[in-house]
>>> print(open('upload00.tsv').read())   # TSV, C-alpha atoms
chain	number	residue	atom	x	y	z
O	1	MET	CA	-95.19	-3.14	31.47
O	2	MET	CA	-92.88	-5.67	29.88
O	3	ASN	CA	-94.63	-5.23	26.64
O	4	ARG	CA	-94.24	-1.45	26.55
O	5	LYS	CA	-90.52	-1.65	27.22
O	6	ARG	CA	-90.17	-4.11	24.42
O	7	ARG	CA	-92.07	-1.75	22.13
O	8	MET	CA	-89.73	1.14	23.00
O	9	LEU	CA	-86.69	-1.00	22.43
O	10	LEU	CA	-87.97	-1.98	19.02
O	11	GLN	CA	-88.63	1.62	18.08
O	12	GLY	CA	-85.21	2.62	19.33
O	13	SER	CA	-83.42	0.06	17.27
O	14	LEU	CA	-85.49	0.98	14.22
O	15	THR	CA	-84.37	4.60	14.43
O	16	ALA	CA	-80.75	3.60	14.91
O	17	GLY	CA	-81.08	1.34	11.90
O	18	ALA	CA	-82.41	4.17	9.75
O	19	ILE	CA	-79.53	6.44	10.70
O	20	GLY	CA	-77.09	3.66	9.90
O	21	VAL	CA	-78.64	3.30	6.44
O	22	ALA	CA	-78.48	7.05	5.87
O	23	VAL	CA	-74.78	7.11	6.77
O	24	GLY	CA	-74.16	4.15	4.51
O	25	ALA	CA	-75.91	5.84	1.60
O	26	GLY	CA	-73.75	8.91	2.00
O	27	LEU	CA	-76.66	11.13	3.06
O	28	LEU	CA	-75.01	11.85	6.35
O	29	THR	CA	-71.26	12.11	6.36
O	30	PRO	CA	-69.39	11.43	9.56
O	31	GLY	CA	-68.57	15.06	10.24
O	32	SER	CA	-65.82	14.64	12.79
O	33	VAL	CA	-63.61	12.76	10.35
O	34	LEU	CA	-63.97	15.32	7.60
O	35	ALA	CA	-63.90	18.59	9.48
O	36	ALA	CA	-61.35	20.14	7.14
O	37	TRP	CA	-62.87	19.07	3.83
O	38	PRO	CA	-64.17	22.29	2.19
O	39	GLU	CA	-67.61	20.97	1.26
O	40	LYS	CA	-69.07	24.32	0.21
O	41	ALA	CA	-66.23	24.96	-2.22
O	42	PHE	CA	-66.67	21.51	-3.75
O	43	LYS	CA	-70.40	22.11	-4.19
O	44	ALA	CA	-70.02	25.60	-5.68
O	45	LYS	CA	-70.81	25.88	-9.38
O	46	GLU	CA	-69.32	29.32	-9.97
O	47	MET	CA	-65.64	30.18	-9.66
O	48	PRO	CA	-65.91	33.34	-7.48
O	49	GLU	CA	-68.07	31.60	-4.88
O	50	MET	CA	-65.83	28.54	-4.91
O	51	LEU	CA	-62.61	30.50	-4.51
O	52	GLN	CA	-64.10	32.64	-1.75
O	53	GLU	CA	-64.95	29.48	0.19
O	54	LEU	CA	-61.67	27.78	-0.55
O	55	MET	CA	-59.10	30.55	-0.45
O	56	GLY	CA	-60.90	33.48	1.13
O	57	ALA	CA	-60.64	35.71	-1.95
O	58	ASN	CA	-62.18	35.77	-5.39
O	59	VAL	CA	-60.10	38.23	-7.37
O	60	VAL	CA	-57.92	36.23	-9.70
O	61	GLU	CA	-55.01	37.50	-11.74
O	62	ALA	CA	-53.92	35.62	-14.86
O	63	SER	CA	-50.31	34.60	-14.51
O	64	ASP	CA	-47.69	33.02	-16.74
O	65	GLY	CA	-45.91	31.76	-13.63
O	66	ILE	CA	-48.24	28.78	-13.72
O	67	ASN	CA	-47.86	25.98	-16.21
O	68	ILE	CA	-50.54	23.36	-16.79
O	69	LYS	CA	-49.51	20.20	-18.54
O	70	ALA	CA	-52.50	18.32	-19.90
O	71	PRO	CA	-53.29	16.67	-23.23
O	72	ASP	CA	-54.83	18.83	-26.00
O	73	ILE	CA	-57.15	15.98	-26.79
O	74	ALA	CA	-58.11	13.46	-24.14
O	75	GLU	CA	-59.44	10.26	-25.65
O	76	ASN	CA	-60.81	9.08	-22.36
O	77	GLY	CA	-62.37	11.72	-20.12
O	78	ALA	CA	-62.27	9.35	-17.15
O	79	VAL	CA	-58.50	9.65	-16.97
O	80	VAL	CA	-56.99	13.00	-17.90
O	81	PRO	CA	-53.47	13.46	-16.56
O	82	VAL	CA	-52.92	17.01	-15.32
O	83	THR	CA	-49.69	18.44	-13.94
O	84	VAL	CA	-49.48	21.93	-12.50
O	85	THR	CA	-46.15	23.63	-11.99
O	86	THR	CA	-45.73	27.11	-10.58
O	87	ASP	CA	-42.72	29.26	-9.73
O	88	ILE	CA	-44.77	31.92	-7.94
O	89	ALA	CA	-42.98	32.71	-4.70
O	90	GLY	CA	-44.83	31.79	-1.54
O	91	ALA	CA	-47.38	29.54	-3.20
O	92	GLN	CA	-49.46	28.04	-0.40
O	93	SER	CA	-52.12	26.12	-2.21
O	94	ILE	CA	-53.09	24.99	-5.68
O	95	ALA	CA	-56.67	24.34	-6.79
O	96	LEU	CA	-57.55	22.32	-9.85
O	97	ILE	CA	-60.81	23.16	-11.60
O	98	ALA	CA	-62.48	21.53	-14.61
O	99	VAL	CA	-64.81	24.34	-15.66
O	100	ASN	CA	-67.42	22.24	-17.46
O	101	ASN	CA	-67.70	19.47	-14.87
O	102	PRO	CA	-70.94	19.18	-12.85
O	103	ALA	CA	-68.77	19.74	-9.77
O	104	PRO	CA	-66.04	22.03	-11.16
O	105	LEU	CA	-63.61	21.96	-8.24
O	106	VAL	CA	-61.73	18.71	-8.62
O	107	ALA	CA	-58.89	19.02	-6.16
O	108	SER	CA	-57.18	21.42	-3.82
O	109	TYR	CA	-53.65	21.01	-2.53
O	110	ASP	CA	-52.23	22.70	0.54
O	111	LEU	CA	-48.48	22.89	0.22
O	112	GLY	CA	-46.32	22.48	3.28
O	113	GLU	CA	-43.09	24.28	4.03
O	114	GLY	CA	-40.43	23.18	1.56
O	115	THR	CA	-42.97	21.68	-0.83
O	116	GLU	CA	-42.44	22.77	-4.41
O	117	GLY	CA	-45.12	24.31	-6.60
O	118	PHE	CA	-45.76	21.04	-8.37
O	119	VAL	CA	-48.67	18.61	-8.26
O	120	SER	CA	-49.73	15.91	-10.65
O	121	THR	CA	-53.02	14.00	-10.63
O	122	ARG	CA	-55.37	12.27	-13.02
O	123	ILE	CA	-58.83	13.78	-13.21
O	124	LYS	CA	-62.22	13.08	-14.80
O	125	MET	CA	-63.71	15.45	-17.35
O	126	GLY	CA	-67.35	15.25	-18.38
O	127	LYS	CA	-66.84	17.17	-21.59
O	128	SER	CA	-64.37	19.44	-23.38
O	129	GLY	CA	-63.43	22.63	-21.61
O	130	ASP	CA	-60.79	24.54	-19.73
O	131	VAL	CA	-58.77	23.12	-16.92
O	132	VAL	CA	-57.98	25.99	-14.58
O	133	ALA	CA	-55.28	26.06	-11.95
O	134	VAL	CA	-55.53	28.68	-9.22
O	135	VAL	CA	-52.54	29.35	-7.00
O	136	ASN	CA	-52.89	31.10	-3.66
O	137	ALA	CA	-49.76	33.00	-2.62
O	138	GLY	CA	-50.16	35.06	0.52
O	139	GLY	CA	-53.87	35.66	-0.07
O	140	LYS	CA	-53.41	36.76	-3.69
O	141	LEU	CA	-54.78	34.45	-6.33
O	142	TYR	CA	-53.18	33.69	-9.68
O	143	SER	CA	-54.53	31.46	-12.38
O	144	ALA	CA	-53.80	29.83	-15.69
O	145	LYS	CA	-55.92	27.66	-17.95
O	146	LYS	CA	-55.56	25.03	-20.60
O	147	GLU	CA	-58.21	23.78	-22.98
O	148	VAL	CA	-58.71	20.02	-23.15
O	149	LYS	CA	-60.91	18.41	-25.77
O	150	VAL	CA	-62.57	15.26	-24.54
O	151	THR	CA	-63.59	12.54	-26.98
O	152	ILE	CA	-65.44	10.30	-24.51
O	153	GLY	CA	-66.82	11.87	-21.34
O	154	GLY	CA	-65.70	10.50	-18.02
O	155	CYS	CA	-68.74	11.08	-15.88
O	156	GLY	CA	-71.28	8.83	-17.59
O	157	GLY	CA	-71.83	5.12	-17.09
P	1	MET	CA	-59.13	-1.51	3.58
P	2	ALA	CA	-56.28	-3.70	2.58
P	3	THR	CA	-52.84	-2.49	3.58
P	4	ASN	CA	-51.56	-2.86	0.02
P	5	SER	CA	-54.07	-0.31	-1.34
P	6	ILE	CA	-51.37	2.37	-1.59
P	7	LYS	CA	-48.21	2.21	-3.64
P	8	ILE	CA	-45.78	4.94	-2.82
P	9	ARG	CA	-42.25	5.87	-3.84
P	10	ALA	CA	-40.06	8.77	-2.79
P	11	GLN	CA	-36.87	9.51	-4.67
P	12	LEU	CA	-34.27	12.08	-3.73
P	13	LYS	CA	-32.35	13.82	-6.48
P	14	ASP	CA	-30.41	17.08	-6.25
P	15	GLY	CA	-31.98	17.94	-2.91
P	16	VAL	CA	-35.53	17.52	-4.14
P	17	THR	CA	-37.64	14.52	-3.27
P	18	THR	CA	-40.19	13.41	-5.83
P	19	VAL	CA	-43.09	11.47	-4.39
P	20	LYS	CA	-45.30	9.29	-6.55
P	21	ALA	CA	-48.27	7.49	-5.10
P	22	LEU	CA	-51.01	5.26	-6.44
P	23	MET	CA	-54.05	4.50	-4.35
P	24	THR	CA	-56.67	1.85	-4.98
P	25	HIS	CA	-60.12	3.38	-4.69
P	26	PRO	CA	-63.35	3.38	-6.77
P	27	MET	CA	-63.74	7.21	-6.62
P	28	GLU	CA	-67.50	7.20	-7.26
P	29	THR	CA	-68.92	10.68	-7.77
P	30	GLY	CA	-72.44	9.81	-6.64
P	31	ALA	CA	-73.81	11.05	-9.98
P	32	ARG	CA	-73.50	7.77	-11.84
P	33	LYS	CA	-76.25	5.22	-12.37
P	34	ASP	CA	-75.86	1.46	-12.51
P	35	LYS	CA	-77.45	-0.85	-15.11
P	36	ASP	CA	-80.85	-0.75	-13.38
P	37	GLY	CA	-80.89	3.03	-13.35
P	38	SER	CA	-80.40	3.45	-9.64
P	39	MET	CA	-77.79	5.87	-8.34
P	40	ILE	CA	-74.43	4.54	-7.27
P	41	PRO	CA	-73.69	6.22	-3.93
P	42	ALA	CA	-70.73	8.55	-3.75
P	43	HIS	CA	-67.55	6.93	-2.52
P	44	PHE	CA	-64.38	8.91	-2.95
P	45	ILE	CA	-61.23	9.95	-1.14
P	46	GLN	CA	-61.69	13.37	0.42
P	47	GLU	CA	-58.40	14.00	2.08
P	48	VAL	CA	-54.86	12.82	1.48
P	49	SER	CA	-52.14	13.97	3.81
P	50	CYS	CA	-48.43	13.42	3.51
P	51	GLU	CA	-45.93	13.74	6.32
P	52	ALA	CA	-42.19	13.74	5.84
P	53	ALA	CA	-40.10	13.16	8.95
P	54	GLY	CA	-43.14	14.10	11.05
P	55	LYS	CA	-43.76	17.37	9.18
P	56	ASN	CA	-46.76	17.92	6.96
P	57	VAL	CA	-45.65	18.45	3.36
P	58	LEU	CA	-48.91	18.17	1.46
P	59	THR	CA	-52.63	17.98	2.16
P	60	ALA	CA	-54.89	17.24	-0.77
P	61	TYR	CA	-58.65	17.72	-0.73
P	62	TRP	CA	-60.37	15.75	-3.46
P	63	SER	CA	-63.83	15.46	-4.97
P	64	GLY	CA	-65.24	12.56	-6.97
P	65	GLY	CA	-63.72	14.32	-9.98
P	66	VAL	CA	-60.38	12.66	-9.39
P	67	SER	CA	-59.98	9.51	-11.50
P	68	LYS	CA	-60.50	6.00	-10.18
P	69	ASN	CA	-57.42	4.55	-8.50
P	70	PRO	CA	-55.94	8.00	-7.99
P	71	TYR	CA	-52.40	8.97	-8.84
P	72	LEU	CA	-50.65	11.75	-6.98
P	73	SER	CA	-47.23	13.19	-7.44
P	74	PHE	CA	-45.52	16.12	-5.73
P	75	LYS	CA	-42.05	17.37	-4.84
P	76	TYR	CA	-40.49	18.74	-1.70
P	77	SER	CA	-37.06	19.72	-0.54
P	78	GLY	CA	-35.15	19.25	2.69
P	79	ALA	CA	-35.33	15.47	2.96
P	80	ASN	CA	-32.49	13.07	3.65
P	81	LYS	CA	-32.08	9.55	2.41
P	82	GLY	CA	-33.79	7.12	4.74
P	83	ASP	CA	-36.38	9.63	5.94
P	84	VAL	CA	-39.81	8.16	6.36
P	85	LEU	CA	-42.61	9.56	4.27
P	86	LYS	CA	-46.12	8.75	5.44
P	87	LEU	CA	-49.21	9.07	3.27
P	88	SER	CA	-52.74	8.54	4.49
P	89	TRP	CA	-56.17	9.05	3.00
P	90	THR	CA	-59.69	9.30	4.34
P	91	ASP	CA	-62.79	8.88	2.20
P	92	ASN	CA	-66.37	10.13	2.51
P	93	LYS	CA	-67.44	6.93	4.27
P	94	GLY	CA	-64.81	7.40	6.94
P	95	GLU	CA	-62.59	4.62	5.63
P	96	SER	CA	-58.88	5.27	5.64
P	97	ALA	CA	-55.52	3.81	4.74
P	98	THR	CA	-51.91	4.64	5.46
P	99	ALA	CA	-48.64	3.73	3.82
P	100	GLU	CA	-45.03	4.59	4.48
P	101	ALA	CA	-42.02	4.81	2.23
P	102	GLU	CA	-38.36	5.47	2.79
P	103	VAL	CA	-36.75	8.25	0.81
P	104	SER	CA	-34.22	6.66	-1.53
>>> encode(input="upload00.tsv", output="C-alpha cells")
Amino acid sequence: MMNRKRRMLLQGSLTAGAIGVAVGAGLLTPGSVLAAWPEKAFKAKEMPEMLQELMGANVVEASDGINIKAPDIAENGAVVPVTVTTDIAGAQSIALIAVNNPAPLVASYDLGEGTEGFVSTRIKMGKSGDVVAVVNAGGKLYSAKKEVKVTIGGCGG
Amino acid sequence: MATNSIKIRAQLKDGVTTVKALMTHPMETGARKDKDGSMIPAHFIQEVSCEAAGKNVLTAYWSGGVSKNPYLSFKYSGANKGDVLKLSWTDNKGESATAEAEVS
C-alpha cells in the first residue's frame, strides 16, 4: 500500500517536471500572460494571411502618407534603425514587416488616443529586402516600403 | 528582472511628448544555434505597453525580429509636465518589468 502511493507520487512529480522543462524550453507558452499577442500573425509567412490575422483585412493601398526612415545600406543586420511616420488621419495601428526575414512580421503597434503616427525601433534583418510599414486607419490598410541592403545578416550566429 | 533594465525618458515640447525607452533584453529569436550546434531557445519581449496618466497610449507587440536591447520611441499629445508615464514589458517566458518616468 505504502509502496504504491510512493510510486504514484514519483510518477506525478515526473510529469510535473516534464511540463516544467517544456515551459522552460519555450515549447509551451504561459497562455494567460500572452492572451493578446497575435501569434498567428507573427508566424505567417505571407503578407495577406498576416494582415488578415493582425488587422482583419488584407487589401492594402500604397500611400505616400507614410514615411519610412531606414538606412539604404545597413552594415549590421542585427541592428537596423527604422522610424515610421504617418499623417494618415485616424491611424490606429502600425505594423512593421521585414519581407525577407524568416518571420516577416517584426512588430505591431497599437496607437492610443492622442498618440501620433510615429514609432521608432531597431530591428534585425536576415538579408537585404524591403521594409514595409502597414497602417490601419478605420479598417482600411495603407502601406509604404523602403529597400534596405544588408551587408552582414542579423539572424545568424 | 532587475529594476534598472528599462531606461525611459519623456520630454514635452510644443504640446507633444516624445518618449524614448531602452530595455535590456537578449531578444533571442529561437532560430539561432550556439557553438555546439544546439538551438538557443526563444526569449524575447512580446508585449510592451505604455500608460500616460493612467491612459493607454501605446501597445507594442514584438517578435524576436526586434534587435537585442530594444529601443522604442513614440510621441503623444495631451500630457502635462509632471505626468507619470509607465512602461512595462512581458516576454515569452512570462518575465516582466516596469518603469516609470515623469514628463519633463
>>> interface_residues(input="upload00.tsv", of="chain P", to="chain O", cutoff="9 Å", atoms="all atoms listed in the file", output="MDAnalysis selection string")
chainID P and resid 16 20 29:35 41:43 46:47 55:68 70:78 90:94
>>> axis_aligned_box(input="upload00.tsv", around="region 6-21 of chain P", padding_each_side="8 Å", output="lines of an AutoDock Vina configuration file")
center_x = -40.9
center_y = 10.1
center_z = -4.1
size_x = 37.0
size_y = 31.7
size_z = 21.0
>>> residues_around(input="upload00.tsv", residues="Trp89 (chain P)", least_positions_apart="2", cutoff="9 Å", atoms="only C-alpha atoms", output="PyMOL selection string")
chain P and resi 23+45-50+87+91+95-98
>>> residues_around(input="upload00.tsv", residues="Gly15 (chain P)", least_positions_apart="2", cutoff="10 Å", atoms="all atoms listed in the file", output="PyMOL selection string")
chain P and resi 11-13+17-18+76-81
>>> atom_distance(input="upload00.tsv", atom1="CA of Asp72 (chain O)", atom2="CA of Leu141 (chain O)")
25.1 Å
>>> atom_distance(input="upload00.tsv", atom1="CA of Thr86 (chain O)", atom2="CA of Gly129 (chain O)")
21.3 Å
>>> atom_distance(input="upload00.tsv", atom1="CA of Gly56 (chain O)", atom2="CA of Glu51 (chain P)")
25.3 Å
>>> closest_residue(input="upload00.tsv", among="P:Ala10, P:Val19, P:Ala52, P:Glu28", to="Ser104 (chain P)", atoms="all atoms listed in the file")
P:Ala10
>>> residues_around(input="upload00.tsv", residues="Glu100 (chain P)", least_positions_apart="6", cutoff="9 Å", atoms="all atoms listed in the file", output="PDB file with C-alpha atoms, in the frame of the given file")
ATOM      1  CA  ILE P   8     -45.780   4.940  -2.820  1.00  0.00           C
ATOM      2  CA  ARG P   9     -42.250   5.870  -3.840  1.00  0.00           C
ATOM      3  CA  VAL P  84     -39.810   8.160   6.360  1.00  0.00           C
ATOM      4  CA  LEU P  85     -42.610   9.560   4.270  1.00  0.00           C
ATOM      5  CA  LYS P  86     -46.120   8.750   5.440  1.00  0.00           C
ATOM      6  CA  LEU P  87     -49.210   9.070   3.270  1.00  0.00           C
ATOM      7  CA  SER P  88     -52.740   8.540   4.490  1.00  0.00           C
TER       8      SER P  88
END
>>> decode(input="upload00.tsv", residues="region 52-65 of chain O", atoms="all heavy atoms", output="PDB file, in the first residue's frame")
ATOM      1  N   GLN O  52      -4.497  39.757 -42.437  1.00  0.00           N
ATOM      2  CA  GLN O  52      -5.839  39.304 -42.081  1.00  0.00           C
ATOM      3  C   GLN O  52      -5.894  38.981 -40.593  1.00  0.00           C
ATOM      4  O   GLN O  52      -6.821  39.369 -39.892  1.00  0.00           O
ATOM      5  CB  GLN O  52      -6.224  38.079 -42.929  1.00  0.00           C
ATOM      6  CG  GLN O  52      -7.663  37.650 -42.779  1.00  0.00           C
ATOM      7  CD  GLN O  52      -8.643  38.647 -43.395  1.00  0.00           C
ATOM      8  OE1 GLN O  52      -8.441  39.113 -44.510  1.00  0.00           O
ATOM      9  NE2 GLN O  52      -9.680  38.985 -42.657  1.00  0.00           N
ATOM     10  N   GLU O  53      -4.893  38.270 -40.119  1.00  0.00           N
ATOM     11  CA  GLU O  53      -4.830  37.890 -38.707  1.00  0.00           C
ATOM     12  C   GLU O  53      -4.660  39.114 -37.810  1.00  0.00           C
ATOM     13  O   GLU O  53      -5.257  39.215 -36.755  1.00  0.00           O
ATOM     14  CB  GLU O  53      -3.640  36.946 -38.460  1.00  0.00           C
ATOM     15  CG  GLU O  53      -3.840  35.538 -38.962  1.00  0.00           C
ATOM     16  CD  GLU O  53      -4.915  34.806 -38.175  1.00  0.00           C
ATOM     17  OE1 GLU O  53      -5.228  35.233 -37.052  1.00  0.00           O
ATOM     18  OE2 GLU O  53      -5.435  33.815 -38.697  1.00  0.00           O
ATOM     19  N   LEU O  54      -3.818  40.018 -38.272  1.00  0.00           N
ATOM     20  CA  LEU O  54      -3.426  41.140 -37.424  1.00  0.00           C
ATOM     21  C   LEU O  54      -4.429  42.276 -37.445  1.00  0.00           C
ATOM     22  O   LEU O  54      -4.738  42.875 -36.418  1.00  0.00           O
ATOM     23  CB  LEU O  54      -2.055  41.654 -37.902  1.00  0.00           C
ATOM     24  CG  LEU O  54      -1.338  42.652 -37.012  1.00  0.00           C
ATOM     25  CD1 LEU O  54      -0.954  42.008 -35.693  1.00  0.00           C
ATOM     26  CD2 LEU O  54      -0.097  43.190 -37.711  1.00  0.00           C
ATOM     27  N   MET O  55      -4.921  42.600 -38.654  1.00  0.00           N
ATOM     28  CA  MET O  55      -5.739  43.798 -38.792  1.00  0.00           C
ATOM     29  C   MET O  55      -7.130  43.521 -39.334  1.00  0.00           C
ATOM     30  O   MET O  55      -7.921  44.442 -39.530  1.00  0.00           O
ATOM     31  CB  MET O  55      -5.026  44.792 -39.713  1.00  0.00           C
ATOM     32  CG  MET O  55      -3.713  45.294 -39.118  1.00  0.00           C
ATOM     33  SD  MET O  55      -2.776  46.281 -40.293  1.00  0.00           S
ATOM     34  CE  MET O  55      -1.572  47.062 -39.212  1.00  0.00           C
ATOM     35  N   GLY O  56      -7.420  42.257 -39.626  1.00  0.00           N
ATOM     36  CA  GLY O  56      -8.749  41.894 -40.070  1.00  0.00           C
ATOM     37  C   GLY O  56      -9.076  42.294 -41.496  1.00  0.00           C
ATOM     38  O   GLY O  56     -10.234  42.356 -41.889  1.00  0.00           O
ATOM     39  N   ALA O  57      -8.049  42.583 -42.290  1.00  0.00           N
ATOM     40  CA  ALA O  57      -8.245  42.911 -43.705  1.00  0.00           C
ATOM     41  C   ALA O  57      -6.939  42.597 -44.430  1.00  0.00           C
ATOM     42  O   ALA O  57      -5.887  42.515 -43.799  1.00  0.00           O
ATOM     43  CB  ALA O  57      -8.602  44.371 -43.879  1.00  0.00           C
ATOM     44  N   ASN O  58      -7.023  42.366 -45.734  1.00  0.00           N
ATOM     45  CA  ASN O  58      -5.761  42.106 -46.426  1.00  0.00           C
ATOM     46  C   ASN O  58      -5.618  42.874 -47.740  1.00  0.00           C
ATOM     47  O   ASN O  58      -4.750  42.595 -48.551  1.00  0.00           O
ATOM     48  CB  ASN O  58      -5.540  40.605 -46.639  1.00  0.00           C
ATOM     49  CG  ASN O  58      -6.666  39.968 -47.422  1.00  0.00           C
ATOM     50  OD1 ASN O  58      -7.385  40.661 -48.132  1.00  0.00           O
ATOM     51  ND2 ASN O  58      -6.814  38.668 -47.297  1.00  0.00           N
ATOM     52  N   VAL O  59      -6.504  43.843 -47.947  1.00  0.00           N
ATOM     53  CA  VAL O  59      -6.370  44.696 -49.120  1.00  0.00           C
ATOM     54  C   VAL O  59      -5.573  45.926 -48.701  1.00  0.00           C
ATOM     55  O   VAL O  59      -5.966  46.651 -47.797  1.00  0.00           O
ATOM     56  CB  VAL O  59      -7.754  45.115 -49.661  1.00  0.00           C
ATOM     57  CG1 VAL O  59      -7.609  45.922 -50.942  1.00  0.00           C
ATOM     58  CG2 VAL O  59      -8.607  43.878 -49.901  1.00  0.00           C
ATOM     59  N   VAL O  60      -4.438  46.109 -49.351  1.00  0.00           N
ATOM     60  CA  VAL O  60      -3.548  47.183 -48.944  1.00  0.00           C
ATOM     61  C   VAL O  60      -3.386  48.189 -50.076  1.00  0.00           C
ATOM     62  O   VAL O  60      -3.199  47.816 -51.229  1.00  0.00           O
ATOM     63  CB  VAL O  60      -2.165  46.619 -48.556  1.00  0.00           C
ATOM     64  CG1 VAL O  60      -1.276  47.730 -48.038  1.00  0.00           C
ATOM     65  CG2 VAL O  60      -2.302  45.532 -47.522  1.00  0.00           C
ATOM     66  N   GLU O  61      -3.475  49.454 -49.716  1.00  0.00           N
ATOM     67  CA  GLU O  61      -3.338  50.513 -50.700  1.00  0.00           C
ATOM     68  C   GLU O  61      -2.006  51.218 -50.450  1.00  0.00           C
ATOM     69  O   GLU O  61      -1.705  51.593 -49.312  1.00  0.00           O
ATOM     70  CB  GLU O  61      -4.490  51.497 -50.486  1.00  0.00           C
ATOM     71  CG  GLU O  61      -4.747  52.433 -51.640  1.00  0.00           C
ATOM     72  CD  GLU O  61      -5.898  53.374 -51.311  1.00  0.00           C
ATOM     73  OE1 GLU O  61      -6.994  52.869 -50.962  1.00  0.00           O
ATOM     74  OE2 GLU O  61      -5.686  54.582 -51.378  1.00  0.00           O
ATOM     75  N   ALA O  62      -1.208  51.370 -51.505  1.00  0.00           N
ATOM     76  CA  ALA O  62       0.051  52.101 -51.350  1.00  0.00           C
ATOM     77  C   ALA O  62      -0.264  53.553 -51.039  1.00  0.00           C
ATOM     78  O   ALA O  62      -1.211  54.115 -51.586  1.00  0.00           O
ATOM     79  CB  ALA O  62       0.872  51.996 -52.619  1.00  0.00           C
ATOM     80  N   SER O  63       0.487  54.139 -50.133  1.00  0.00           N
ATOM     81  CA  SER O  63       0.186  55.502 -49.720  1.00  0.00           C
ATOM     82  C   SER O  63       1.464  56.311 -49.547  1.00  0.00           C
ATOM     83  O   SER O  63       2.475  55.785 -49.063  1.00  0.00           O
ATOM     84  CB  SER O  63      -0.580  55.473 -48.401  1.00  0.00           C
ATOM     85  OG  SER O  63      -0.591  56.746 -47.807  1.00  0.00           O
ATOM     86  N   ASP O  64       1.419  57.591 -49.956  1.00  0.00           N
ATOM     87  CA  ASP O  64       2.593  58.417 -49.687  1.00  0.00           C
ATOM     88  C   ASP O  64       2.409  59.213 -48.395  1.00  0.00           C
ATOM     89  O   ASP O  64       3.185  60.101 -48.084  1.00  0.00           O
ATOM     90  CB  ASP O  64       2.930  59.336 -50.887  1.00  0.00           C
ATOM     91  CG  ASP O  64       1.703  60.052 -51.430  1.00  0.00           C
ATOM     92  OD1 ASP O  64       0.694  60.078 -50.693  1.00  0.00           O
ATOM     93  OD2 ASP O  64       1.764  60.556 -52.565  1.00  0.00           O
ATOM     94  N   GLY O  65       1.374  58.853 -47.638  1.00  0.00           N
ATOM     95  CA  GLY O  65       1.172  59.445 -46.314  1.00  0.00           C
ATOM     96  C   GLY O  65       1.956  58.717 -45.238  1.00  0.00           C
ATOM     97  O   GLY O  65       1.823  58.998 -44.053  1.00  0.00           O
TER      98      GLY O  65
END
